[in-house]
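Working notes for the structure below.
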Amino acid sequence: QEQLVESGGGSVQVGGSLRLSCVRSAFTYSSNCMAWFRQAPGKEREGVGSIYLGDGRTNYADSVKGRFTISQDNAKNTVYLQMNSLKPEDTAMYYCAAGRSLLSHWCTPASEKDFHYWGQGTQVTVSS
């Protein structure tokens with residue numbers, strides 16, 4: 001039973017853009033904090049950014065600030081990750097995750113342990 005389904009990954013050249021989508025199933029509707037993580041080959045998984053669904057507050061890793069934007073479409077039960085000005089170091093498997101945060105400013109991608117539902121991942125490859 002898939003609860004989070006990512007899509008939108010692919011191959012793009014340096015400086016290009018991609019938009020990833022994460023569709024949430026009803027099973028995850030109790031979650032109010034959505035995040036994107038990524039894992040490059042040979043590296044640990046790292047948080048990219050998060051969004052608190054209640055007020056839309058977002059939080060980003062320093063490495064993607066100003067280039068990546070997370071948004072939500074409640075009617076479609078979908079969270080997006082818009083990635084612009086892509087760099088080779090953005091190459092990774094990108095994962096969507098869902099958790100529950102008591103307060104808006106506690107919704108961050110700092111710890112994987114805060115997220116209970118995960119998607120299967122979508123690959124992003126940036127070539128020069």
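For the structure tokens, the naming scheme is as follows: chains receive sequential letters (A, B, ...) according to their order of presentation, residues are indexed from 1 within each chain, and ligands are indexed from 1 in presentation order.
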Within 12 Å of stretch 7-28 of chain A: each stretch 45-122 of chain A residue with its shortest pair, only C-alpha atoms, as a tab-separated table:
residue	atom	partner	partner_atom	distance
A:Arg67	CA	A:Ser17	CA	9.5
A:Phe68	CA	A:Arg19	CA	9.4
A:Thr69	CA	A:Arg19	CA	9.3
A:Ile70	CA	A:Leu20	CA	9.4
A:Ser71	CA	A:Ser21	CA	9.7
A:Gln72	CA	A:Cys22	CA	9.4
A:Asp73	CA	A:Val23	CA	9.7
A:Asn74	CA	A:Arg24	CA	9.9
A:Ala75	CA	A:Val23	CA	10.9
A:Lys76	CA	A:Val23	CA	7.6
A:Asn77	CA	A:Arg24	CA	5.5
A:Thr78	CA	A:Val23	CA	4.4
A:Val79	CA	A:Cys22	CA	5.1
A:Tyr80	CA	A:Ser21	CA	4.6
A:Leu81	CA	A:Leu20	CA	5.0
A:Gln82	CA	A:Arg19	CA	4.4
A:Met83	CA	A:Leu18	CA	5.2
A:Asn84	CA	A:Ser17	CA	4.4
A:Ser85	CA	A:Gly15	CA	4.1
A:Leu86	CA	A:Gly15	CA	4.8
A:Lys87	CA	A:Val14	CA	5.2
A:Pro88	CA	A:Val14	CA	6.5
A:Glu89	CA	A:Val14	CA	9.8
A:Asp90	CA	A:Val14	CA	9.6
A:Thr91	CA	A:Ser11	CA	9.0
A:Ala92	CA	A:Gly9	CA	9.8
A:Met93	CA	A:Gly9	CA	8.6
A:Tyr94	CA	A:Gly9	CA	8.1
A:Tyr95	CA	A:Cys22	CA	8.8
A:Cys96	CA	A:Cys22	CA	6.3
A:Ala97	CA	A:Cys22	CA	8.8
A:Ala98	CA	A:Thr28	CA	7.1
A:Gly99	CA	A:Thr28	CA	8.3
A:Arg100	CA	A:Thr28	CA	9.7
A:Phe115	CA	A:Thr28	CA	10.9
A:His116	CA	A:Thr28	CA	9.2
A:Tyr117	CA	A:Thr28	CA	7.4
A:Trp118	CA	A:Thr28	CA	10.0
A:Gly119	CA	A:Cys22	CA	8.0
A:Gln120	CA	A:Ser7	CA	9.6
A:Gly121	CA	A:Ser7	CA	8.0
A:Thr122	CA	A:Gly9	CA	5.3
Quick one: which stretch 42-79 of chain A residues come within 10 Å of stretch 102-106 of chain A, and what is the nearest atom pair for each with the distance in Å to one decimal, counting only C-alpha atoms, rows ordered by chain and ascending number, as CSV?
residue,atom,partner,partner_atom,distance
A:Ile51,CA,A:Ser104,CA,8.6
A:Tyr52,CA,A:Ser104,CA,5.7
A:Leu53,CA,A:Ser104,CA,8.5
A:Gly54,CA,A:Ser104,CA,7.6
A:Asp55,CA,A:Ser104,CA,7.4
A:Gly56,CA,A:Ser104,CA,8.6
A:Arg57,CA,A:Ser104,CA,6.7
A:Thr58,CA,A:His105,CA,8.7
A:Asn59,CA,A:His105,CA,8.5
With C-alpha atoms retained, write the just-selected residues as a tab-separated table (two decimals), in the first residue's frame.
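Dumped everything to result13.tsv:
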chain	number	residue	atom	x	y	z
A	51	ILE	CA	6.57	22.52	4.65
A	52	TYR	CA	4.08	22.76	7.50
A	53	LEU	CA	0.72	22.12	5.88
A	54	GLY	CA	-1.21	24.21	8.36
A	55	ASP	CA	0.31	27.56	7.51
A	56	GLY	CA	2.62	26.81	4.59
A	57	ARG	CA	5.76	27.68	6.53
A	58	THR	CA	8.81	26.30	4.75
A	59	ASN	CA	12.32	25.45	5.82
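The interatomic distance for the pair atom CA of A:Lys65 and atom CA of A:Gly49 works out to 8.9 Å.
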Based on the backbone DSSP call, show me all residues of chain A assigned strand (DSSP E), as a compact mmCIF listing (two decimals) with all heavy atoms, in the first residue's frame.
# COMPACT_ATOMS: atom_id res chain seq x y z
N LEU A 4 2.88 7.47 -0.05
CA LEU A 4 3.47 8.65 -0.65
C LEU A 4 4.07 8.22 -1.98
O LEU A 4 4.86 7.27 -2.00
CB LEU A 4 4.56 9.26 0.24
CG LEU A 4 4.13 9.79 1.61
CD1 LEU A 4 5.36 10.18 2.41
CD2 LEU A 4 3.19 10.97 1.46
N VAL A 5 3.72 8.90 -3.02
CA VAL A 5 4.21 8.53 -4.34
C VAL A 5 4.86 9.75 -4.99
O VAL A 5 4.18 10.74 -5.26
CB VAL A 5 3.08 7.99 -5.24
CG1 VAL A 5 3.64 7.63 -6.61
CG2 VAL A 5 2.42 6.78 -4.59
N GLU A 6 6.16 9.63 -5.23
CA GLU A 6 6.90 10.71 -5.88
C GLU A 6 6.93 10.51 -7.39
O GLU A 6 6.88 9.39 -7.88
CB GLU A 6 8.34 10.80 -5.37
CG GLU A 6 8.53 10.95 -3.89
CD GLU A 6 8.88 9.64 -3.23
OE1 GLU A 6 8.47 8.59 -3.76
OE2 GLU A 6 9.57 9.66 -2.19
N SER A 7 7.07 11.61 -8.08
CA SER A 7 7.26 11.57 -9.53
C SER A 7 7.94 12.87 -9.95
O SER A 7 8.06 13.81 -9.17
CB SER A 7 5.92 11.41 -10.26
OG SER A 7 5.09 12.51 -10.01
N GLY A 10 14.27 12.97 -13.21
CA GLY A 10 14.79 12.77 -14.56
C GLY A 10 16.19 13.31 -14.69
O GLY A 10 16.85 13.60 -13.69
N SER A 11 16.62 13.43 -15.92
CA SER A 11 17.96 13.94 -16.20
C SER A 11 17.84 15.35 -16.77
O SER A 11 16.99 15.61 -17.62
CB SER A 11 18.67 13.03 -17.20
OG SER A 11 18.86 11.74 -16.65
N VAL A 12 18.72 16.22 -16.31
CA VAL A 12 18.69 17.61 -16.75
C VAL A 12 20.11 18.14 -16.74
O VAL A 12 20.98 17.63 -16.02
CB VAL A 12 17.78 18.43 -15.81
CG1 VAL A 12 18.35 18.49 -14.40
CG2 VAL A 12 17.53 19.81 -16.37
N GLN A 13 20.35 19.14 -17.54
CA GLN A 13 21.68 19.75 -17.59
C GLN A 13 21.82 20.81 -16.50
O GLN A 13 20.83 21.32 -15.96
CB GLN A 13 21.92 20.36 -18.96
CG GLN A 13 22.06 19.31 -20.06
CD GLN A 13 22.54 19.90 -21.37
OE1 GLN A 13 22.21 21.04 -21.69
NE2 GLN A 13 23.33 19.14 -22.11
N LEU A 18 13.60 21.18 -12.56
CA LEU A 18 12.70 20.04 -12.47
C LEU A 18 11.69 20.33 -11.37
O LEU A 18 12.00 21.05 -10.41
CB LEU A 18 13.44 18.75 -12.13
CG LEU A 18 14.22 18.04 -13.23
CD1 LEU A 18 15.00 16.87 -12.62
CD2 LEU A 18 13.30 17.55 -14.32
N ARG A 19 10.52 19.75 -11.49
CA ARG A 19 9.54 19.84 -10.41
C ARG A 19 9.13 18.43 -10.01
O ARG A 19 8.61 17.66 -10.81
CB ARG A 19 8.29 20.63 -10.82
CG ARG A 19 7.37 20.89 -9.64
CD ARG A 19 6.16 21.71 -9.98
NE ARG A 19 5.13 20.93 -10.67
CZ ARG A 19 3.86 21.27 -10.74
NH1 ARG A 19 3.44 22.40 -10.15
NH2 ARG A 19 2.99 20.52 -11.39
N LEU A 20 9.39 18.12 -8.76
CA LEU A 20 9.00 16.83 -8.20
C LEU A 20 7.63 16.96 -7.54
O LEU A 20 7.32 18.00 -6.95
CB LEU A 20 10.02 16.35 -7.18
CG LEU A 20 11.48 16.28 -7.64
CD1 LEU A 20 12.35 15.68 -6.53
CD2 LEU A 20 11.63 15.52 -8.93
N SER A 21 6.88 15.89 -7.62
CA SER A 21 5.56 15.85 -6.99
C SER A 21 5.50 14.70 -6.00
O SER A 21 6.13 13.66 -6.20
CB SER A 21 4.46 15.65 -8.04
OG SER A 21 4.45 16.69 -8.98
N CYS A 22 4.73 14.90 -4.95
CA CYS A 22 4.53 13.85 -3.94
C CYS A 22 3.04 13.82 -3.63
O CYS A 22 2.50 14.75 -3.03
CB CYS A 22 5.34 14.16 -2.69
SG CYS A 22 5.00 13.04 -1.31
N VAL A 23 2.39 12.74 -4.04
CA VAL A 23 0.96 12.59 -3.80
C VAL A 23 0.76 11.79 -2.51
O VAL A 23 1.34 10.71 -2.34
CB VAL A 23 0.27 11.87 -4.97
CG1 VAL A 23 -1.22 11.72 -4.69
CG2 VAL A 23 0.48 12.65 -6.27
N ARG A 24 -0.05 12.33 -1.63
CA ARG A 24 -0.30 11.71 -0.34
C ARG A 24 -1.58 10.89 -0.38
O ARG A 24 -2.59 11.33 -0.90
CB ARG A 24 -0.46 12.79 0.73
CG ARG A 24 0.68 13.77 0.82
CD ARG A 24 0.26 14.98 1.63
NE ARG A 24 -0.14 14.59 2.98
CZ ARG A 24 -1.08 15.21 3.66
NH1 ARG A 24 -1.74 16.22 3.13
NH2 ARG A 24 -1.38 14.82 4.88
N CYS A 33 3.37 17.73 8.54
CA CYS A 33 4.71 18.20 8.18
C CYS A 33 5.23 17.31 7.06
O CYS A 33 5.40 16.10 7.25
CB CYS A 33 5.63 18.14 9.40
SG CYS A 33 7.33 18.61 9.06
N MET A 34 5.45 17.90 5.92
CA MET A 34 5.96 17.17 4.76
C MET A 34 7.37 17.64 4.46
O MET A 34 7.68 18.83 4.58
CB MET A 34 5.07 17.41 3.55
CG MET A 34 3.63 17.00 3.73
SD MET A 34 3.46 15.22 3.91
CE MET A 34 4.04 14.67 2.31
N ALA A 35 8.21 16.71 4.06
CA ALA A 35 9.59 17.07 3.78
C ALA A 35 10.13 16.33 2.58
O ALA A 35 9.60 15.30 2.17
CB ALA A 35 10.47 16.78 4.99
N TRP A 36 11.17 16.89 2.03
CA TRP A 36 11.93 16.24 0.98
C TRP A 36 13.33 15.96 1.50
O TRP A 36 13.96 16.83 2.10
CB TRP A 36 12.01 17.12 -0.27
CG TRP A 36 10.72 17.23 -1.01
CD1 TRP A 36 9.76 18.20 -0.86
CD2 TRP A 36 10.23 16.35 -2.03
NE1 TRP A 36 8.72 17.96 -1.72
CE2 TRP A 36 8.98 16.84 -2.45
CE3 TRP A 36 10.74 15.20 -2.63
CZ2 TRP A 36 8.23 16.21 -3.44
CZ3 TRP A 36 10.00 14.57 -3.61
CH2 TRP A 36 8.76 15.08 -4.01
N PHE A 37 13.79 14.75 1.22
CA PHE A 37 15.15 14.34 1.55
C PHE A 37 15.81 13.87 0.25
O PHE A 37 15.13 13.58 -0.73
CB PHE A 37 15.15 13.18 2.55
CG PHE A 37 14.73 13.58 3.94
CD1 PHE A 37 13.38 13.72 4.26
CD2 PHE A 37 15.67 13.79 4.93
CE1 PHE A 37 12.99 14.09 5.54
CE2 PHE A 37 15.29 14.15 6.22
CZ PHE A 37 13.94 14.30 6.52
N ARG A 38 17.11 13.76 0.28
CA ARG A 38 17.81 13.21 -0.88
C ARG A 38 19.01 12.41 -0.41
O ARG A 38 19.56 12.65 0.66
CB ARG A 38 18.25 14.32 -1.83
CG ARG A 38 19.32 15.27 -1.28
CD ARG A 38 19.59 16.40 -2.27
NE ARG A 38 20.62 17.32 -1.81
CZ ARG A 38 20.96 18.43 -2.43
NH1 ARG A 38 20.34 18.78 -3.56
NH2 ARG A 38 21.92 19.21 -1.95
N GLN A 39 19.39 11.45 -1.26
CA GLN A 39 20.56 10.63 -0.95
C GLN A 39 21.36 10.41 -2.21
O GLN A 39 20.85 9.82 -3.19
CB GLN A 39 20.15 9.29 -0.34
CG GLN A 39 21.33 8.48 0.14
CD GLN A 39 20.91 7.29 0.99
OE1 GLN A 39 19.78 6.82 0.90
NE2 GLN A 39 21.82 6.82 1.84
N GLU A 46 20.07 13.26 3.35
CA GLU A 46 20.04 14.58 3.96
C GLU A 46 18.71 15.27 3.69
O GLU A 46 18.07 15.04 2.66
CB GLU A 46 21.20 15.45 3.43
CG GLU A 46 21.11 15.74 1.94
CD GLU A 46 22.18 16.72 1.47
OE1 GLU A 46 22.91 17.27 2.31
OE2 GLU A 46 22.25 16.95 0.25
N GLY A 47 18.33 16.14 4.60
CA GLY A 47 17.10 16.89 4.43
C GLY A 47 17.30 18.03 3.45
O GLY A 47 18.32 18.71 3.48
N VAL A 48 16.32 18.21 2.59
CA VAL A 48 16.35 19.28 1.59
C VAL A 48 15.48 20.44 2.03
O VAL A 48 15.89 21.60 2.00
CB VAL A 48 15.88 18.75 0.23
CG1 VAL A 48 15.76 19.90 -0.78
CG2 VAL A 48 16.82 17.68 -0.29
N GLY A 49 14.28 20.13 2.45
CA GLY A 49 13.37 21.18 2.89
C GLY A 49 12.08 20.57 3.41
O GLY A 49 11.85 19.37 3.28
N SER A 50 11.28 21.42 4.02
CA SER A 50 10.02 20.95 4.60
C SER A 50 8.95 22.03 4.48
O SER A 50 9.25 23.21 4.26
CB SER A 50 10.22 20.58 6.07
OG SER A 50 10.65 21.71 6.80
N ILE A 51 7.69 21.59 4.65
CA ILE A 51 6.57 22.52 4.65
C ILE A 51 5.56 22.08 5.70
O ILE A 51 5.25 20.88 5.81
CB ILE A 51 5.91 22.62 3.26
CG1 ILE A 51 4.81 23.68 3.27
CG2 ILE A 51 5.38 21.27 2.79
CD1 ILE A 51 4.33 24.06 1.85
N TYR A 52 5.11 23.02 6.51
CA TYR A 52 4.08 22.76 7.50
C TYR A 52 2.75 23.04 6.82
O TYR A 52 2.47 24.16 6.40
CB TYR A 52 4.27 23.67 8.71
CG TYR A 52 3.34 23.37 9.86
CD1 TYR A 52 3.55 22.25 10.67
CD2 TYR A 52 2.28 24.21 10.16
CE1 TYR A 52 2.71 21.98 11.73
CE2 TYR A 52 1.44 23.95 11.22
CZ TYR A 52 1.65 22.83 12.00
OH TYR A 52 0.82 22.57 13.06
N THR A 58 7.80 27.16 5.34
CA THR A 58 8.81 26.30 4.75
C THR A 58 10.17 26.47 5.41
O THR A 58 10.43 27.49 6.05
CB THR A 58 8.95 26.57 3.24
OG1 THR A 58 9.22 27.97 3.05
CG2 THR A 58 7.69 26.17 2.48
N ASN A 59 10.98 25.47 5.24
CA ASN A 59 12.32 25.45 5.82
C ASN A 59 13.23 24.75 4.83
O ASN A 59 12.86 23.70 4.29
CB ASN A 59 12.27 24.70 7.16
CG ASN A 59 13.56 24.78 7.92
OD1 ASN A 59 14.58 24.24 7.51
ND2 ASN A 59 13.52 25.45 9.06
N TYR A 60 14.41 25.32 4.57
CA TYR A 60 15.29 24.75 3.55
C TYR A 60 16.71 24.56 4.08
O TYR A 60 17.20 25.32 4.91
CB TYR A 60 15.36 25.67 2.32
CG TYR A 60 14.03 25.88 1.65
CD1 TYR A 60 13.25 27.00 1.93
CD2 TYR A 60 13.54 24.93 0.74
CE1 TYR A 60 12.02 27.19 1.32
CE2 TYR A 60 12.32 25.12 0.13
CZ TYR A 60 11.56 26.24 0.41
OH TYR A 60 10.35 26.41 -0.19
N PHE A 68 15.51 26.11 -4.54
CA PHE A 68 14.43 25.14 -4.41
C PHE A 68 13.25 25.77 -3.67
O PHE A 68 13.45 26.58 -2.76
CB PHE A 68 14.89 23.91 -3.63
CG PHE A 68 15.87 23.02 -4.35
CD1 PHE A 68 16.50 23.42 -5.52
CD2 PHE A 68 16.15 21.76 -3.83
CE1 PHE A 68 17.40 22.59 -6.16
CE2 PHE A 68 17.04 20.92 -4.47
CZ PHE A 68 17.67 21.34 -5.63
N THR A 69 12.06 25.37 -4.07
CA THR A 69 10.85 25.86 -3.42
C THR A 69 9.88 24.71 -3.20
O THR A 69 9.61 23.94 -4.12
CB THR A 69 10.16 26.94 -4.27
OG1 THR A 69 11.07 28.01 -4.53
CG2 THR A 69 8.93 27.49 -3.55
N ILE A 70 9.37 24.61 -1.98
CA ILE A 70 8.37 23.59 -1.65
C ILE A 70 7.01 24.27 -1.57
O ILE A 70 6.87 25.35 -0.98
CB ILE A 70 8.69 22.90 -0.32
CG1 ILE A 70 10.03 22.16 -0.43
CG2 ILE A 70 7.59 21.93 0.06
CD1 ILE A 70 10.48 21.53 0.88
N SER A 71 6.01 23.63 -2.16
CA SER A 71 4.66 24.17 -2.12
C SER A 71 3.67 23.03 -1.98
O SER A 71 4.03 21.86 -2.08
CB SER A 71 4.37 24.98 -3.39
OG SER A 71 4.47 24.16 -4.53
N GLN A 72 2.41 23.40 -1.73
CA GLN A 72 1.38 22.38 -1.54
C GLN A 72 0.14 22.74 -2.35
O GLN A 72 -0.15 23.91 -2.58
CB GLN A 72 1.02 22.26 -0.06
CG GLN A 72 0.51 23.58 0.55
CD GLN A 72 0.13 23.42 2.01
OE1 GLN A 72 -0.49 22.45 2.40
NE2 GLN A 72 0.52 24.41 2.82
N ASP A 73 -0.56 21.71 -2.76
CA ASP A 73 -1.85 21.86 -3.40
C ASP A 73 -2.80 20.94 -2.65
O ASP A 73 -2.83 19.73 -2.88
CB ASP A 73 -1.78 21.49 -4.88
CG ASP A 73 -3.09 21.74 -5.62
OD1 ASP A 73 -4.16 21.69 -4.97
OD2 ASP A 73 -3.06 21.97 -6.83
N THR A 78 -1.15 17.04 -2.77
CA THR A 78 0.16 16.95 -3.37
C THR A 78 1.09 18.03 -2.82
O THR A 78 0.66 19.17 -2.62
CB THR A 78 0.06 17.07 -4.90
OG1 THR A 78 -0.77 16.03 -5.40
CG2 THR A 78 1.44 16.96 -5.55
N VAL A 79 2.32 17.63 -2.63
CA VAL A 79 3.38 18.56 -2.25
C VAL A 79 4.40 18.56 -3.38
O VAL A 79 4.71 17.51 -3.95
CB VAL A 79 4.04 18.14 -0.92
CG1 VAL A 79 5.26 18.98 -0.62
CG2 VAL A 79 3.03 18.25 0.21
N TYR A 80 4.93 19.73 -3.68
CA TYR A 80 5.86 19.87 -4.80
C TYR A 80 7.23 20.34 -4.32
O TYR A 80 7.35 21.03 -3.31
CB TYR A 80 5.33 20.89 -5.81
CG TYR A 80 3.99 20.54 -6.39
CD1 TYR A 80 2.83 21.13 -5.89
CD2 TYR A 80 3.88 19.63 -7.43
CE1 TYR A 80 1.59 20.83 -6.42
CE2 TYR A 80 2.64 19.31 -7.97
CZ TYR A 80 1.50 19.91 -7.45
OH TYR A 80 0.27 19.59 -7.98
N LEU A 81 8.24 19.97 -5.09
CA LEU A 81 9.57 20.50 -4.89
C LEU A 81 10.03 21.05 -6.23
O LEU A 81 10.35 20.29 -7.15
CB LEU A 81 10.55 19.42 -4.40
CG LEU A 81 12.00 19.87 -4.24
CD1 LEU A 81 12.11 20.94 -3.14
CD2 LEU A 81 12.92 18.69 -3.91
N GLN A 82 10.00 22.37 -6.36
CA GLN A 82 10.48 23.04 -7.56
C GLN A 82 11.97 23.28 -7.42
O GLN A 82 12.41 23.92 -6.47
CB GLN A 82 9.75 24.38 -7.76
CG GLN A 82 10.24 25.17 -8.97
CD GLN A 82 9.91 24.49 -10.28
OE1 GLN A 82 8.80 23.99 -10.47
NE2 GLN A 82 10.87 24.47 -11.20
N MET A 83 12.73 22.74 -8.35
CA MET A 83 14.19 22.83 -8.28
C MET A 83 14.69 23.62 -9.48
O MET A 83 14.50 23.19 -10.63
CB MET A 83 14.81 21.44 -8.26
CG MET A 83 14.28 20.56 -7.14
SD MET A 83 15.12 18.96 -7.05
CE MET A 83 14.59 18.23 -8.58
N ALA A 92 20.85 12.97 -7.02
CA ALA A 92 20.53 12.12 -5.89
C ALA A 92 19.18 11.47 -6.12
O ALA A 92 18.44 11.85 -7.03
CB ALA A 92 20.50 12.93 -4.59
N MET A 93 18.87 10.52 -5.26
CA MET A 93 17.51 10.00 -5.18
C MET A 93 16.77 10.91 -4.20
O MET A 93 17.25 11.14 -3.09
CB MET A 93 17.52 8.57 -4.67
CG MET A 93 16.15 7.92 -4.64
SD MET A 93 15.52 7.56 -6.28
CE MET A 93 16.43 6.05 -6.64
N TYR A 94 15.63 11.39 -4.62
CA TYR A 94 14.85 12.31 -3.80
C TYR A 94 13.64 11.58 -3.22
O TYR A 94 12.91 10.90 -3.94
CB TYR A 94 14.41 13.51 -4.63
CG TYR A 94 15.51 14.51 -4.84
CD1 TYR A 94 16.57 14.23 -5.70
CD2 TYR A 94 15.51 15.73 -4.17
CE1 TYR A 94 17.61 15.13 -5.87
CE2 TYR A 94 16.53 16.65 -4.36
CZ TYR A 94 17.58 16.34 -5.20
OH TYR A 94 18.61 17.24 -5.37
N TYR A 95 13.45 11.77 -1.91
CA TYR A 95 12.38 11.11 -1.19
C TYR A 95 11.44 12.13 -0.56
O TYR A 95 11.88 13.14 0.00
CB TYR A 95 12.94 10.22 -0.08
CG TYR A 95 13.83 9.12 -0.55
CD1 TYR A 95 15.21 9.30 -0.67
CD2 TYR A 95 13.31 7.86 -0.88
CE1 TYR A 95 16.04 8.28 -1.10
CE2 TYR A 95 14.12 6.83 -1.31
CZ TYR A 95 15.49 7.05 -1.42
OH TYR A 95 16.31 6.03 -1.84
N CYS A 96 10.18 11.81 -0.61
CA CYS A 96 9.16 12.57 0.09
C CYS A 96 8.87 11.87 1.41
O CYS A 96 8.87 10.63 1.46
CB CYS A 96 7.90 12.63 -0.78
SG CYS A 96 6.48 13.41 -0.03
N ALA A 97 8.64 12.64 2.47
CA ALA A 97 8.37 12.05 3.77
C ALA A 97 7.28 12.84 4.48
O ALA A 97 7.14 14.06 4.26
CB ALA A 97 9.64 12.03 4.62
N ALA A 98 6.53 12.15 5.33
CA ALA A 98 5.44 12.78 6.07
C ALA A 98 5.57 12.51 7.54
O ALA A 98 5.89 11.39 7.95
CB ALA A 98 4.10 12.27 5.56
N GLY A 99 5.32 13.53 8.35
CA GLY A 99 5.36 13.38 9.79
C GLY A 99 4.36 14.32 10.43
O GLY A 99 3.57 14.98 9.74
N PHE A 115 9.85 11.62 10.78
CA PHE A 115 8.97 11.31 9.66
C PHE A 115 8.67 9.82 9.61
O PHE A 115 9.57 8.99 9.64
CB PHE A 115 9.62 11.80 8.35
CG PHE A 115 9.82 13.29 8.35
CD1 PHE A 115 11.00 13.84 8.84
CD2 PHE A 115 8.82 14.14 7.91
CE1 PHE A 115 11.17 15.22 8.88
CE2 PHE A 115 8.98 15.51 7.94
CZ PHE A 115 10.16 16.05 8.43
N HIS A 116 7.37 9.52 9.54
CA HIS A 116 6.93 8.13 9.69
C HIS A 116 6.56 7.47 8.36
O HIS A 116 6.49 6.24 8.29
CB HIS A 116 5.74 8.09 10.64
CG HIS A 116 5.98 8.84 11.92
ND1 HIS A 116 6.96 8.48 12.82
CD2 HIS A 116 5.42 9.96 12.42
CE1 HIS A 116 6.96 9.33 13.83
NE2 HIS A 116 6.04 10.24 13.62
N TYR A 117 6.29 8.27 7.35
CA TYR A 117 5.91 7.72 6.06
C TYR A 117 6.90 8.22 5.00
O TYR A 117 7.28 9.40 5.01
CB TYR A 117 4.50 8.16 5.66
CG TYR A 117 3.44 7.77 6.67
CD1 TYR A 117 2.89 8.71 7.53
CD2 TYR A 117 3.00 6.45 6.75
CE1 TYR A 117 1.92 8.36 8.45
CE2 TYR A 117 2.03 6.09 7.68
CZ TYR A 117 1.50 7.04 8.52
OH TYR A 117 0.54 6.69 9.44
N TRP A 118 7.27 7.29 4.12
CA TRP A 118 8.26 7.61 3.09
C TRP A 118 7.80 7.10 1.75
O TRP A 118 7.16 6.04 1.64
CB TRP A 118 9.61 6.96 3.44
CG TRP A 118 10.25 7.57 4.65
CD1 TRP A 118 9.97 7.30 5.96
CD2 TRP A 118 11.27 8.56 4.66
NE1 TRP A 118 10.76 8.07 6.78
CE2 TRP A 118 11.58 8.86 6.01
CE3 TRP A 118 11.98 9.24 3.67
CZ2 TRP A 118 12.54 9.79 6.40
CZ3 TRP A 118 12.94 10.17 4.04
CH2 TRP A 118 13.21 10.44 5.39
N THR A 122 12.52 9.20 -6.21
CA THR A 122 12.60 9.50 -7.64
C THR A 122 13.99 10.06 -7.93
O THR A 122 14.49 10.89 -7.18
CB THR A 122 11.48 10.48 -8.07
OG1 THR A 122 11.50 10.65 -9.49
CG2 THR A 122 11.61 11.84 -7.40
N GLN A 123 14.61 9.57 -8.98
CA GLN A 123 15.99 9.91 -9.28
C GLN A 123 16.10 11.23 -10.02
O GLN A 123 15.38 11.47 -11.00
CB GLN A 123 16.65 8.80 -10.10
CG GLN A 123 18.08 9.07 -10.51
CD GLN A 123 19.04 9.07 -9.32
OE1 GLN A 123 18.88 8.28 -8.39
NE2 GLN A 123 20.03 9.96 -9.36
N VAL A 124 17.03 12.06 -9.57
CA VAL A 124 17.36 13.31 -10.25
C VAL A 124 18.83 13.26 -10.61
O VAL A 124 19.68 13.02 -9.74
CB VAL A 124 17.08 14.53 -9.36
CG1 VAL A 124 17.62 15.80 -10.00
CG2 VAL A 124 15.58 14.66 -9.09
N THR A 125 19.13 13.48 -11.88
CA THR A 125 20.51 13.46 -12.35
C THR A 125 20.79 14.77 -13.09
O THR A 125 20.08 15.12 -14.03
CB THR A 125 20.77 12.28 -13.29
OG1 THR A 125 20.47 11.06 -12.60
CG2 THR A 125 22.23 12.26 -13.73
N VAL A 126 21.83 15.47 -12.63
CA VAL A 126 22.21 16.75 -13.24
C VAL A 126 23.58 16.57 -13.87
O VAL A 126 24.55 16.24 -13.19
CB VAL A 126 22.23 17.87 -12.20
CG1 VAL A 126 22.54 19.21 -12.88
CG2 VAL A 126 20.92 17.94 -11.44
N SER A 127 23.65 16.81 -15.15
CA SER A 127 24.91 16.61 -15.87
C SER A 127 25.43 17.94 -16.42
O SER A 127 24.67 18.84 -16.74
CB SER A 127 24.71 15.62 -17.00
OG SER A 127 23.72 16.08 -17.89
Next item on the list: Enumerate, as a PyMOL selection string, the complete set of residues in chain A that a backbone-based DSSP assignment places in helix (DSSP H, G or I).
Entry: chain A and resi 26-28+74-76+88-90+104-106+112-114
